[in-house]
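See below for the structure under consideration.
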Amino acid sequence: MEKIPFLKPNLITLDSYKHYILEIDNSKIYTNYGPLNDKFEKRILSEYFNDSGAVTTVNNATLGLILAISQLKRPQGKYALMPSFTFSATPLAAMWCGLEPYFIDINEDDWFMNETQLEEVLHQLGDEVAVVVPYATFGNYLDLSYYQQLHQSGIPVVVDAAPCFGTTYNGQHIGQGFGGAVVFSFHATKSFGIGEGGLIYSYDQELVKNIRIAANFGYYGKRESIAFGLNGKMSEYFAAIGLATLDVYQQKISQREQLYNIYLEEIIEAGLLQQGWGVQTTKGRIPFQFFSILCPQDEQNTFYIEKFEHHNIQTVSYFSPACHQQKQFMNCPCADLMVTNEVTKRVLSLPFWEEMDRSIVRRIVHTIVK
């Protein structure tokens, strides 16, 4: 039986952006915030953030997190508070900024960082908190009202929204109007995949300006470092792919929403929810990257991953192990991670790519039933 892969990156073809490549050939500008990058940023700010605030591209989201955290962290602070249920890039970025990750539990339903527990840890640690880094889990719409208040109170917030570019609620893009920093990924495996790249948004234009300076060796106006910096610039080639991807992205989101709903329909039809299986509570219009499901309590995802492999279906388990269970972070402090430990043990990430149809989804769901 034909193998079903977990992901199939589906970047646009050369025909879609060839004219932009010719523009690069003519301009002889290949990087350093060139004309295509400028056009890309302006379109994103206009089409996705209603020309509110500012954006800057970066060459990947991990560097985006590093740049945002380094600009916002409180100098006397020691800890970066974040969920353990996130990709390892989040705590690694904090470590590159000289901070120690402090892991917080997640909610049982939407798998976002538990704000009640976070508040308790904030009171406990006081001035030792350098920054708070919530993660918008799997592209789900995260209401930033609480984090906006936190940021305005003097506790900096950097939102890891890596899979969220295009996520909206009531027509408003995630992060719009937020005074901290919101970081998005354009990695090939993301729904808005351009190969490699990322974006930082903030309503605070001065913050974005400083991040942009830091991403260009600390240069501003002339070739002299006036601030701590590195090379975080996106090339014109990735900007070209990004511009062409903007032309078709809403269609891609619709395809992914439709596929997600097919999964839900087949899972309900098979009676899996009544048998103890669970799904993430979601909100808004989401550019789904994959379909996550929890196996029943007292069962483990590793059993199902092996069974799927026998049926030629590739599944993985984001995020299992969670960060606090990984060697690099085992000595980092954490709160009670009861929900994280439970979800990590049970979570399965099912195949998800734009060419999938109902027959493939049905085969996957029927494999669970069997």
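Labeling convention for the structure tokens: chains A, B, ... as they appear, residues from 1 per chain, ligands from 1 in order of appearance.
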
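Summary of the local environment: counting only C-alpha atoms, residues at most 10 Å from Ser225 in chain A, other than itself and those fewer than 6 positions away along its chain, are A:Ile213, A:Ala214, A:Asn216, A:Phe217, A:Gly218, A:Tyr219.
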
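Proximity to Ala136 in chain A at 10 Å, evaluated using only C-alpha atoms and with sequence-adjacent residues fewer than 4 positions away removed, yields A:Thr86, A:Asp110, A:Trp111, A:Phe112, A:Met113, A:Asn140, A:Tyr141, A:Leu142, A:Asp143, A:Leu144, A:Val159, A:Asp160, A:Ala161, A:Ala162, A:Pro163, A:Cys164, A:Ile174.
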
Rows by chain and residue number, range 160-277 of chain A within 8 Å of range 282-302 of chain A, shortest pair, only C-alpha atoms, as a Markdown table:
| residue | atom | partner | partner_atom | distance |
| --- | --- | --- | --- | --- |
| A:Pro163 | CA | A:Gln289 | CA | 7.1 |
| A:Cys164 | CA | A:Pro287 | CA | 7.0 |
| A:Phe165 | CA | A:Pro287 | CA | 7.5 |
| A:Gly166 | CA | A:Pro287 | CA | 6.2 |
| A:Thr167 | CA | A:Ile286 | CA | 4.7 |
| A:Thr168 | CA | A:Arg285 | CA | 5.2 |
| A:Tyr169 | CA | A:Gly284 | CA | 4.4 |
| A:Asn170 | CA | A:Gly284 | CA | 7.1 |
| A:Thr189 | CA | A:Gln289 | CA | 7.8 |
| A:Lys190 | CA | A:Gln289 | CA | 6.2 |
| A:Ser191 | CA | A:Gln289 | CA | 5.8 |
| A:Lys252 | CA | A:Pro287 | CA | 7.7 |
| A:Ile253 | CA | A:Pro287 | CA | 4.8 |
| A:Ser254 | CA | A:Pro287 | CA | 7.8 |
| A:Arg256 | CA | A:Phe288 | CA | 5.8 |
| A:Glu257 | CA | A:Phe288 | CA | 6.6 |
| A:Tyr260 | CA | A:Phe291 | CA | 6.7 |
| A:Tyr263 | CA | A:Phe291 | CA | 7.8 |
| A:Gln275 | CA | A:Pro296 | CA | 7.3 |
| A:Gly276 | CA | A:Pro296 | CA | 4.6 |
| A:Trp277 | CA | A:Pro296 | CA | 4.9 |

To test your reading of the structure, identify every residue in range 150-234 of chain A that backbone DSSP assigns to strand (DSSP E or B), and report it as a ChimeraX atom specification.
/A:157-160,168-169,172-173,181-185,187,195,198-202,216,219,225,231

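Of the listed residues A:Leu243, A:Ile226, A:Leu272, A:Val158, the one whose atoms come nearest to Ile194 in chain A is A:Leu243, with distances taken using only C-alpha atoms.
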
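Near range 319-326 of chain A, within 7 Å and counting only C-alpha atoms, sit Ser84, Phe85, Thr86, Phe87, Ser88, Phe329, Met330, Thr344 and Lys345 of chain A; same-chain residues fewer than 3 positions away were not included.
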
Please produce a file of the residues just selected, as an mmCIF file, in the first residue's frame, where the atoms kept are C-alpha atoms.
data_model
loop_
_atom_site.group_PDB
_atom_site.id
_atom_site.type_symbol
_atom_site.label_atom_id
_atom_site.label_comp_id
_atom_site.auth_asym_id
_atom_site.auth_seq_id
_atom_site.Cartn_x
_atom_site.Cartn_y
_atom_site.Cartn_z
ATOM 1 C CA SER A 84 7.326 23.437 27.909
ATOM 2 C CA PHE A 85 4.862 22.313 25.234
ATOM 3 C CA THR A 86 6.575 24.179 22.401
ATOM 4 C CA PHE A 87 9.307 23.644 19.821
ATOM 5 C CA SER A 88 12.854 23.644 21.184
ATOM 6 C CA PHE A 329 16.561 21.637 29.200
ATOM 7 C CA MET A 330 16.228 18.992 31.916
ATOM 8 C CA THR A 344 2.879 14.881 25.699
ATOM 9 C CA LYS A 345 2.261 11.206 26.417
#

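With distances restricted to only C-alpha atoms, A:Arg358 is the closest residue to Gln258 in chain A from A:His151, A:Arg358, A:His173, A:Lys8.
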
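Of the residues under consideration (A:Ser16, A:Thr367, A:Gln205, A:Asn10), A:Ser16 shows the shortest atom-to-atom contact distance to Ile241 in chain A when counting only C-alpha atoms.
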
Take CA of Pro351 in chain A and CA of Arg363 in chain A and report the distance between them in Å, one decimal.
11.1 Å

Can you check which residues of range 85-215 of chain A DSSP gives as alpha helix (DSSP H) on the backbone and send them as a PyMOL selection string?
chain A and resi 89-96+115-125+145-152+205-214

Hey, can you spit out that residue selection with N, CA and C atoms as an mmCIF file, in the first residue's frame?
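New file out-v3.cif:
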data_model
loop_
_atom_site.group_PDB
_atom_site.id
_atom_site.type_symbol
_atom_site.label_atom_id
_atom_site.label_comp_id
_atom_site.auth_asym_id
_atom_site.auth_seq_id
_atom_site.Cartn_x
_atom_site.Cartn_y
_atom_site.Cartn_z
ATOM 1 N N ALA A 89 13.128 25.523 19.640
ATOM 2 C CA ALA A 89 13.668 26.831 19.256
ATOM 3 C C ALA A 89 13.324 27.909 20.275
ATOM 4 N N THR A 90 12.179 27.778 20.943
ATOM 5 C CA THR A 90 11.743 28.815 21.886
ATOM 6 C C THR A 90 12.688 28.917 23.084
ATOM 7 N N PRO A 91 12.931 27.826 23.826
ATOM 8 C CA PRO A 91 13.890 27.941 24.928
ATOM 9 C C PRO A 91 15.323 28.168 24.456
ATOM 10 N N LEU A 92 15.679 27.622 23.300
ATOM 11 C CA LEU A 92 17.038 27.849 22.791
ATOM 12 C C LEU A 92 17.268 29.328 22.501
ATOM 13 N N ALA A 93 16.265 29.994 21.957
ATOM 14 C CA ALA A 93 16.390 31.429 21.688
ATOM 15 C C ALA A 93 16.630 32.203 22.980
ATOM 16 N N ALA A 94 15.906 31.825 24.037
ATOM 17 C CA ALA A 94 16.106 32.485 25.334
ATOM 18 C C ALA A 94 17.523 32.255 25.845
ATOM 19 N N MET A 95 18.016 31.036 25.679
ATOM 20 C CA MET A 95 19.371 30.726 26.136
ATOM 21 C C MET A 95 20.421 31.528 25.367
ATOM 22 N N TRP A 96 20.221 31.681 24.058
ATOM 23 C CA TRP A 96 21.143 32.489 23.268
ATOM 24 C C TRP A 96 21.149 33.940 23.750
ATOM 25 N N GLU A 115 -2.432 30.728 31.982
ATOM 26 C CA GLU A 115 -2.210 32.091 32.463
ATOM 27 C C GLU A 115 -2.332 32.198 33.978
ATOM 28 N N THR A 116 -3.156 31.361 34.592
ATOM 29 C CA THR A 116 -3.297 31.389 36.054
ATOM 30 C C THR A 116 -1.994 30.959 36.714
ATOM 31 N N GLN A 117 -1.431 29.866 36.225
ATOM 32 C CA GLN A 117 -0.157 29.411 36.777
ATOM 33 C C GLN A 117 0.961 30.401 36.462
ATOM 34 N N LEU A 118 0.932 30.959 35.267
ATOM 35 C CA LEU A 118 1.926 31.964 34.893
ATOM 36 C C LEU A 118 1.893 33.136 35.856
ATOM 37 N N GLU A 119 0.698 33.593 36.203
ATOM 38 C CA GLU A 119 0.554 34.722 37.122
ATOM 39 C C GLU A 119 1.161 34.392 38.483
ATOM 40 N N GLU A 120 0.956 33.173 38.946
ATOM 41 C CA GLU A 120 1.532 32.746 40.225
ATOM 42 C C GLU A 120 3.058 32.779 40.176
ATOM 43 N N VAL A 121 3.627 32.293 39.088
ATOM 44 C CA VAL A 121 5.088 32.267 38.955
ATOM 45 C C VAL A 121 5.642 33.680 38.823
ATOM 46 N N LEU A 122 4.920 34.555 38.139
ATOM 47 C CA LEU A 122 5.349 35.948 38.028
ATOM 48 C C LEU A 122 5.453 36.601 39.400
ATOM 49 N N HIS A 123 4.472 36.356 40.258
ATOM 50 C CA HIS A 123 4.507 36.910 41.615
ATOM 51 C C HIS A 123 5.641 36.286 42.419
ATOM 52 N N GLN A 124 5.881 35.020 42.197
ATOM 53 C CA GLN A 124 6.927 34.305 42.935
ATOM 54 C C GLN A 124 8.326 34.798 42.554
ATOM 55 N N LEU A 125 8.557 35.034 41.262
ATOM 56 C CA LEU A 125 9.898 35.380 40.787
ATOM 57 C C LEU A 125 10.161 36.878 40.773
ATOM 58 N N SER A 145 -5.016 39.648 24.958
ATOM 59 C CA SER A 145 -5.460 40.692 25.897
ATOM 60 C C SER A 145 -4.662 40.657 27.195
ATOM 61 N N TYR A 146 -4.517 39.452 27.766
ATOM 62 C CA TYR A 146 -3.778 39.319 29.020
ATOM 63 C C TYR A 146 -2.321 39.725 28.824
ATOM 64 N N TYR A 147 -1.729 39.280 27.729
ATOM 65 C CA TYR A 147 -0.312 39.567 27.486
ATOM 66 C C TYR A 147 -0.081 41.036 27.141
ATOM 67 N N GLN A 148 -1.078 41.669 26.559
ATOM 68 C CA GLN A 148 -0.977 43.111 26.314
ATOM 69 C C GLN A 148 -0.908 43.857 27.645
ATOM 70 N N GLN A 149 -1.750 43.475 28.595
ATOM 71 C CA GLN A 149 -1.722 44.091 29.923
ATOM 72 C C GLN A 149 -0.389 43.823 30.615
ATOM 73 N N LEU A 150 0.095 42.604 30.469
ATOM 74 C CA LEU A 150 1.371 42.227 31.072
ATOM 75 C C LEU A 150 2.498 43.087 30.506
ATOM 76 N N HIS A 151 2.509 43.224 29.199
ATOM 77 C CA HIS A 151 3.549 44.007 28.534
ATOM 78 C C HIS A 151 3.480 45.471 28.965
ATOM 79 N N GLN A 152 2.271 45.997 29.052
ATOM 80 C CA GLN A 152 2.105 47.398 29.454
ATOM 81 C C GLN A 152 2.475 47.622 30.913
ATOM 82 N N GLN A 205 6.433 50.745 16.561
ATOM 83 C CA GLN A 205 7.297 50.921 15.396
ATOM 84 C C GLN A 205 8.756 51.135 15.794
ATOM 85 N N GLU A 206 8.982 51.754 16.926
ATOM 86 C CA GLU A 206 10.351 51.979 17.397
ATOM 87 C C GLU A 206 11.022 50.652 17.733
ATOM 88 N N LEU A 207 10.265 49.730 18.319
ATOM 89 C CA LEU A 207 10.795 48.402 18.623
ATOM 90 C C LEU A 207 11.215 47.691 17.340
ATOM 91 N N VAL A 208 10.360 47.722 16.327
ATOM 92 C CA VAL A 208 10.687 47.064 15.057
ATOM 93 C C VAL A 208 11.915 47.711 14.417
ATOM 94 N N LYS A 209 12.011 49.019 14.512
ATOM 95 C CA LYS A 209 13.187 49.724 13.985
ATOM 96 C C LYS A 209 14.459 49.234 14.679
ATOM 97 N N ASN A 210 14.421 49.085 15.998
ATOM 98 C CA ASN A 210 15.598 48.630 16.740
ATOM 99 C C ASN A 210 15.941 47.178 16.419
ATOM 100 N N ILE A 211 14.914 46.348 16.235
ATOM 101 C CA ILE A 211 15.156 44.957 15.850
ATOM 102 C C ILE A 211 15.813 44.910 14.474
ATOM 103 N N ARG A 212 15.354 45.753 13.581
ATOM 104 C CA ARG A 212 15.900 45.797 12.220
ATOM 105 C C ARG A 212 17.366 46.233 12.239
ATOM 106 N N ILE A 213 17.676 47.189 13.082
ATOM 107 C CA ILE A 213 19.073 47.621 13.234
ATOM 108 C C ILE A 213 19.920 46.467 13.756
ATOM 109 N N ALA A 214 19.412 45.785 14.777
ATOM 110 C CA ALA A 214 20.151 44.657 15.360
ATOM 111 C C ALA A 214 20.348 43.533 14.350
#

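Reported to one decimal place, the separation of CA of Trp353 in chain A from CA of Ile4 in chain A is 10.1 Å.
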
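The coordinates place CA of Gly171 in chain A at 18.2 Å from CA of Phe192 in chain A.
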
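Shell of Ile267 in chain A at 9 Å, with only C-alpha atoms counted and residues fewer than 5 places along the chain excluded, is Ile262, Leu272, Leu273, Arg362 and Val365 of chain A.
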
Let me make sure I understand: among A:Ile368, A:Cys97, A:Ile44, A:Leu7, which one has the smallest atom-to-atom distance to Gly198 in chain A if we use only C-alpha atoms?
A:Ile44

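Shortest atom-to-atom contact with Ile305 in chain A among A:Leu350, A:Asp105, A:Asp15, A:Leu63: A:Leu350, counting only C-alpha atoms.
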